[in-house]
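Structure record follows, encoded as structure tokens.
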Amino acid sequence: MLNRITRREAGHFYTGRGHATGRAERQNMRHAPVSEVLRATSHHLRKLDAQSHMRDEEGSLAIFGLFSFVILLLLAGIGIDIVRHETLRTELQNTLDRAVLAATNLENTNDPKDVIIDYFAKAGLSQYLLEDEISVVPLGDGRQVSASIAATIPTYFMKFASVDSLSMASESVAEQGLSGLEISLVLDVSGSMNSYSRLSNLKSAATDFTQTVFENAASDEIAISVIPYATQVNAGRSILDKLDLLNAHHQSHCINFEEDDFSTTAIDYASGGTGRYYDQTMDFDAFSSDWNNLDMALSQETCPPESSREILPFSNDKSTIDTFIQSLTANGNTSIDLGVKWGAALLDESAQTVTAGTTASAHPAANADAQKYMVVMTDGSHTNQYLIPDPYRDDDESTGVYEDTNGRIYVSAERTSCSYYYGYNCTTTMRYTRIDNKNVSTSLPYTLASGNIREMTWAEVWSEMTVYNHAYARYLASGDSDDYYDWRDKTRISYGTSTKNNRLNEICTAAKEAGIIIFAIGFEAPSAGQQVLQSCASSDAHYYDVDGVEISEAFSAIASKITELRLVE
């Protein structure tokens with residue numbers, strides 16, 4: 001055996017050599033010492049053992065490869081089943097949409113139901129149409145048509161995972177012929193819109209929107225309201241004059257809605273006789289501070305007084321609308337809930353109180369007589385909405401703030417002084433901070449009885465100084481730093497993100513239940529803003545997530561859907 005192994009080894013390693021050389025080497029091997037033969041044999045056995053291991057590993061790899069192939073084959077098969085399902089679903093949906101649109105078209109004199117059935121027959125898809133569920137509903141001088149499909153396809157590969165079939169169902173609804181077109185454009189003009197050319201892109205997109213609308217509908221059928229919103233919505237005096245208000249003033253024209261107001265699209269106007277009084281938002285600045293200039297003018301009012309920040313209601317003049325859009329400025333926080341509340345309110349029939357006696361008196365029309373749309377956009381998500389609480393908005397309450405006949409203002413506070421560290425022998429005196437120079441005195445320059453000085457109302461206080469500066473003036477008078485935080489926090493409260501998200505959800509639901517179709521645009525918005533807008537929109541197809549100049553494409557697409565014969569579901 002040893003010689004045979006040696007010969008085979010030799011023959012293997014010396015193949016191709018000359019016969020003489022081979023014989024000589026074989027002779028040498030025959031005469032080699034036993035130790036060399038054993039060494040050669042040991043080397044050969046080790047080589048055979050390594051080859052045996054390699055064959056084992058190759059066998060394992062082959063089995064693993066077989067299993068991987070089967071899994072990949074199964075996954076590919078599942079993909080084939082899904083593609084078959086999606087192909088049929090797309091074909092059915094497209095056929096359904098085309099059929100419903102054709103059946104709704106008022107120029108089509110054939111029976112709408114027959115039109116739909118004929119579309120599916122020509123496409124070879126009749127077995128999927130639910131003929132009994134085709135509906136035709138008159139709408140004024142137009143009609144609404146709806147139809148549904150259902151299908152089930154067997155699976156080839158997914159059945160190995162106990163999924164024997166895939167089902168699909170869909171419904172399309174279209175309408176045409178309503179006499180009026182009413183639109184609320186709810187536009188975010190918060191401070192972040194100043195970044196990355198967002199405001200400029202919005203203005204361009206919104207004016208393109210109006211161009212499309214007015215090109216495709218008669219102006220006497222159109223009523224567009226533009227609702228700019230930030231921390232608040234300035235409704236304008238023409239609208240607020242129709243309301244019963246608490247603490248009314250004319251510096252600006254916002255109101256603080258309550259929780260129940262978001263469950264309805266309507267507003268209780270004074271003419272309705274409900275006795276409802278709305279809290280008018282104070283004219284105040286909750287943001288600005290300059291401790292070196294306590295007499296600074298308000299610069300970031302919660303309810304901006306500029307006419308460019310007021311609602312433009314019920315206009316059918318393209319030039320007026322475009323000019324207003326181009327005048328928009330951005331500042332403040334984000335209150336989508338307030339924008340949508342006002343957008344819905346101006347589509348509610350109760351708002352005829354606002355238009356009575358004007359050229360827009362036909363609007364808002366009854367729901368059965370007009371198409372009602374809201375387009376709402378934001379680049380952000382809800383942030384704090386600030387307001388002044390009672391008693392710091394009540395003109396019957398003492399303010400401790402005085403103004404003399406020269407226009408100088410003094411803010412009072414009690415100052416406590418003690419002789420010892422532990423509060424013994426303390427005395428309390430009144431001190432007064434003159435806000436134009438921050439001087440603190442122990443008395444006013446005049447007595448109230450002299451008529452040369454008077455106590456201001458809270459409305460006057462907030463129109464003259466910011467919340468921060470007012471708090472700082474109180475601190476200078478008292479000498480106690482805690483007074484600064486105390487006055488700042490108790491005179492300015494807020495509704496936070498959670499409350500405002502809930503309110504938005506409520507008013508969006510109410511608007512949709514009232515028949516208002518809502519389109520929503522997330523314009524470079526964070527995920528939180530995208531989520532609330534998606535929920536607000538009438539469907540996923542009514543929501544647009546855009547960046548940069550894409551906002552123009554979104555507004556153009558919405559305008560086309562609004563003015564053309566359109567699918568509403």
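Following the order of the structure tokens, first chain is A, next is B, and so on, with residues numbered from 1 inside each chain and ligands from 1 in the order they appear.
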Closest atom pairs, segment 401-428 of chain A residues within 8 Å of segment 476-491 of chain A, only C-alpha atoms, as a Markdown table:
| residue | atom | partner | partner_atom | distance |
| --- | --- | --- | --- | --- |
| A:Val411 | CA | A:Ala477 | CA | 7.5 |
| A:Ser412 | CA | A:Ala477 | CA | 6.2 |
| A:Ala413 | CA | A:Ser478 | CA | 5.3 |
| A:Glu414 | CA | A:Ser478 | CA | 5.4 |
| A:Arg415 | CA | A:Ser478 | CA | 4.3 |
| A:Thr416 | CA | A:Ser478 | CA | 7.3 |
For the residues in the current selection, export C-alpha atoms as a PDB file, in the first residue's frame.
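Written output follows (part-v2.pdb):
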ATOM      1  CA  VAL A 411     -46.056 101.861  36.269  1.00  0.00           C
ATOM      2  CA  SER A 412     -46.578 101.241  39.981  1.00  0.00           C
ATOM      3  CA  ALA A 413     -45.603  98.424  42.322  1.00  0.00           C
ATOM      4  CA  GLU A 414     -45.235  97.918  46.047  1.00  0.00           C
ATOM      5  CA  ARG A 415     -41.692  97.818  47.381  1.00  0.00           C
ATOM      6  CA  THR A 416     -40.997  96.111  50.690  1.00  0.00           C
TER       7      THR A 416
END
If you run DSSP over the backbone, which residues in segment 285-321 of chain A end up strand (DSSP E)? Put them as a list in words.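 Of segment 285-321 of chain A, the ones in strand (DSSP E) are Leu312, Pro313, Phe314 and Ser315 of chain A.
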Next, write the just-selected residues to a file, as a PDB file, in the first residue's frame, keeping C-alpha atoms as the atom set.
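Ended up saving to part29.pdb:
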ATOM      1  CA  LEU A 312     -60.373  89.834   2.209  1.00  0.00           C
ATOM      2  CA  PRO A 313     -63.947  88.497   2.080  1.00  0.00           C
ATOM      3  CA  PHE A 314     -66.067  87.415  -0.905  1.00  0.00           C
ATOM      4  CA  SER A 315     -64.282  89.063  -3.811  1.00  0.00           C
TER       5      SER A 315
END
What is the atom CA of Ser560 of chain A-atom CA of Gln176 of chain A distance in Å, reported with one decimal?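 Atom CA of Gln176 of chain A lies at a distance of 13.8 Å from atom CA of Ser560 of chain A.
Candidate residues A:Tyr446, A:Tyr424, A:Phe160, A:Tyr495 were compared for distance to Arg408 of chain A, and the nearest is A:Tyr446, using only C-alpha atoms.
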Which residues are close to segment 261-264 of chain A, i.e. within 7 Å by only C-alpha atoms, leaving aside same-chain residues fewer than 5 positions away? Reply as a PyMOL selection string. chain A and resi 341+503+506-507+510
Just want the 12 Å neighbourhood of Pro445 of chain A, counted on only C-alpha atoms, with same-chain residues fewer than 4 positions away dropped. Output as a list of chain:residue names.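 Non-adjacent residues within range: A:Tyr402, A:Glu403, A:Asp404, A:Thr405, A:Asn406, A:Arg408, A:Ile409, A:Tyr410, A:Arg431, A:Tyr432, A:Thr433, A:Arg434, A:Val440, A:Ser441, A:Ala449, A:Ser450, A:Gly451, A:Asn452, A:Ile453, A:Arg454.
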Neighbour list for Tyr119 of chain A as a ChimeraX atom specification, cut-off 9 Å, only C-alpha atoms, skip fewer than 6 positions in-chain: /A:95-96,98-99,125-126
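Counting only C-alpha atoms and comparing A:Ala151, A:Leu245, A:Ala161, A:Val145, the residue that lies closest to Val173 of chain A is A:Val145.
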For Lys318 of chain A: contacts at 12 Å, only C-alpha atoms, fewer than 4 positions along chain excluded, given as a PyMOL selection string: chain A and resi 206-215+217-220+222-226+314+322-325
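We find atom CA of Ser271 of chain A and atom CA of Leu243 of chain A to be spaced 8.1 Å apart.
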Show me a table, sorted first by chain and then by increasing residue number, of the residues of segment 477-532 of chain A having an atom at most 8 Å from segment 359-382 of chain A, each with its shortest atom pair and the distance in Å to one decimal, counting only C-alpha atoms and written as CSV.
residue,atom,partner,partner_atom,distance
A:Gly496,CA,A:His382,CA,7.7
A:Thr497,CA,A:His382,CA,5.3
A:Lys500,CA,A:His382,CA,6.7
A:Asn501,CA,A:His382,CA,7.1
A:Ala514,CA,A:Asn367,CA,7.8
A:Gly515,CA,A:Asn367,CA,7.0
A:Ile516,CA,A:Lys372,CA,5.1
A:Ile517,CA,A:Tyr373,CA,4.8
A:Ile518,CA,A:Met374,CA,4.8
A:Phe519,CA,A:Val375,CA,4.8
A:Ala520,CA,A:Val376,CA,4.9
A:Ile521,CA,A:Met377,CA,4.5
A:Gly522,CA,A:Thr378,CA,5.5
A:Phe523,CA,A:Asp379,CA,4.6
A:Glu524,CA,A:Asp379,CA,5.4
A:Ala525,CA,A:Asp379,CA,4.3
A:Pro526,CA,A:Gly380,CA,6.0
A:Ala528,CA,A:Ser381,CA,5.9
A:Gly529,CA,A:Ser381,CA,4.1
A:Gln530,CA,A:Ser381,CA,7.9
Take the residues from that selection and put them in a file with N, CA and C atoms, as a JSON list (two decimals), in the first residue's frame.
[["chain", "number", "residue", "atom", "x", "y", "z"],
["A", 496, "GLY", "N", -51.55, 75.86, 23.65],
["A", 496, "GLY", "CA", -50.39, 75.18, 23.08],
["A", 496, "GLY", "C", -50.74, 74.25, 21.93],
["A", 497, "THR", "N", -49.73, 73.51, 21.48],
["A", 497, "THR", "CA", -49.84, 72.67, 20.28],
["A", 497, "THR", "C", -50.95, 71.63, 20.39],
["A", 500, "LYS", "N", -54.42, 73.12, 20.09],
["A", 500, "LYS", "CA", -54.69, 73.65, 18.76],
["A", 500, "LYS", "C", -54.82, 72.52, 17.73],
["A", 501, "ASN", "N", -54.08, 71.44, 17.90],
["A", 501, "ASN", "CA", -54.26, 70.28, 17.01],
["A", 501, "ASN", "C", -55.67, 69.71, 17.14],
["A", 514, "ALA", "N", -70.04, 69.47, 6.45],
["A", 514, "ALA", "CA", -70.90, 70.50, 5.85],
["A", 514, "ALA", "C", -70.79, 70.52, 4.33],
["A", 515, "GLY", "N", -70.00, 69.64, 3.76],
["A", 515, "GLY", "CA", -69.87, 69.56, 2.31],
["A", 515, "GLY", "C", -68.75, 70.38, 1.72],
["A", 516, "ILE", "N", -67.91, 70.97, 2.55],
["A", 516, "ILE", "CA", -66.76, 71.74, 2.06],
["A", 516, "ILE", "C", -65.65, 70.78, 1.68],
["A", 517, "ILE", "N", -65.11, 70.94, 0.49],
["A", 517, "ILE", "CA", -63.98, 70.11, 0.05],
["A", 517, "ILE", "C", -62.69, 70.84, 0.41],
["A", 518, "ILE", "N", -61.82, 70.16, 1.15],
["A", 518, "ILE", "CA", -60.62, 70.80, 1.67],
["A", 518, "ILE", "C", -59.38, 70.26, 0.96],
["A", 519, "PHE", "N", -58.63, 71.16, 0.34],
["A", 519, "PHE", "CA", -57.30, 70.86, -0.19],
["A", 519, "PHE", "C", -56.28, 71.43, 0.80],
["A", 520, "ALA", "N", -55.21, 70.70, 1.04],
["A", 520, "ALA", "CA", -54.19, 71.15, 1.99],
["A", 520, "ALA", "C", -52.81, 71.03, 1.36],
["A", 521, "ILE", "N", -51.96, 72.01, 1.66],
["A", 521, "ILE", "CA", -50.60, 72.05, 1.11],
["A", 521, "ILE", "C", -49.60, 72.19, 2.25],
["A", 522, "GLY", "N", -48.74, 71.21, 2.42],
["A", 522, "GLY", "CA", -47.62, 71.31, 3.34],
["A", 522, "GLY", "C", -46.43, 71.86, 2.58],
["A", 523, "PHE", "N", -46.07, 73.10, 2.85],
["A", 523, "PHE", "CA", -45.03, 73.79, 2.09],
["A", 523, "PHE", "C", -43.75, 73.80, 2.91],
["A", 524, "GLU", "N", -42.87, 72.82, 2.62],
["A", 524, "GLU", "CA", -41.64, 72.65, 3.39],
["A", 524, "GLU", "C", -41.96, 72.54, 4.89],
["A", 525, "ALA", "N", -43.07, 71.91, 5.19],
["A", 525, "ALA", "CA", -43.56, 71.82, 6.57],
["A", 525, "ALA", "C", -42.89, 70.65, 7.30],
["A", 526, "PRO", "N", -42.72, 70.75, 8.61],
["A", 526, "PRO", "CA", -42.20, 69.62, 9.39],
["A", 526, "PRO", "C", -43.24, 68.52, 9.46],
["A", 528, "ALA", "N", -44.91, 67.25, 11.87],
["A", 528, "ALA", "CA", -46.10, 67.55, 12.67],
["A", 528, "ALA", "C", -47.11, 68.35, 11.87],
["A", 529, "GLY", "N", -46.64, 69.32, 11.10],
["A", 529, "GLY", "CA", -47.52, 70.11, 10.26],
["A", 529, "GLY", "C", -48.12, 69.29, 9.14],
["A", 530, "GLN", "N", -47.32, 68.41, 8.54],
["A", 530, "GLN", "CA", -47.81, 67.55, 7.48],
["A", 530, "GLN", "C", -48.92, 66.64, 7.98]]
Going by DSSP on the backbone, which residues of segment 177-385 of chain A come out as helix (DSSP H, G or I)? List them as a PyMOL selection string. chain A and resi 191-194+198-216+219-221+237-240+259-263+270-272+307-309+318-326+336-345+349-355+367-369
At a cut-off of 9 Å, using only C-alpha atoms, what residues contact Ile82 of chain A? Leave out same-chain residues fewer than 5 positions from it and give the result as an mmCIF file with N, CA and C atoms, in the first residue's frame.
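Output file around.cif is given in full below:
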data_model
loop_
_atom_site.group_PDB
_atom_site.id
_atom_site.type_symbol
_atom_site.label_atom_id
_atom_site.label_comp_id
_atom_site.auth_asym_id
_atom_site.auth_seq_id
_atom_site.Cartn_x
_atom_site.Cartn_y
_atom_site.Cartn_z
ATOM 1 N N GLY A 77 -42.235 35.492 -6.915
ATOM 2 C CA GLY A 77 -43.612 35.106 -7.190
ATOM 3 C C GLY A 77 -44.613 35.993 -6.491
ATOM 4 N N THR A 87 -51.871 46.074 -11.307
ATOM 5 C CA THR A 87 -52.186 46.342 -12.715
ATOM 6 C C THR A 87 -53.695 46.366 -12.939
ATOM 7 N N THR A 155 -54.240 34.050 -6.319
ATOM 8 C CA THR A 155 -52.784 34.209 -6.297
ATOM 9 C C THR A 155 -52.100 32.950 -6.800
ATOM 10 N N LEU A 166 -56.432 38.059 -3.651
ATOM 11 C CA LEU A 166 -56.302 39.474 -3.322
ATOM 12 C C LEU A 166 -57.555 40.202 -3.812
#
From the list A:Asp81, A:Asp283, A:Asp317, A:Glu182, which residue is nearest Thr302 of chain A when using only C-alpha atoms? A:Asp283
Interface rows for segment 302-348 of chain A against segment 253-258 of chain A: nearest pair, Å to one decimal, 10 Å, only C-alpha atoms, as CSV:
residue,atom,partner,partner_atom,distance
A:Thr302,CA,A:Cys254,CA,9.0
A:Cys303,CA,A:Cys254,CA,6.0
A:Pro304,CA,A:His253,CA,8.5
A:Pro305,CA,A:His253,CA,7.4
A:Glu310,CA,A:His253,CA,8.1
A:Ile311,CA,A:His253,CA,9.9
A:Leu338,CA,A:Phe257,CA,8.3
A:Lys341,CA,A:Phe257,CA,9.2
To one decimal in Å, tell me the separation between atom CA of Gln300 of chain A and atom CA of Phe287 of chain A.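 Answer for the atom CA of Gln300 of chain A to atom CA of Phe287 of chain A separation: 6.4 Å.
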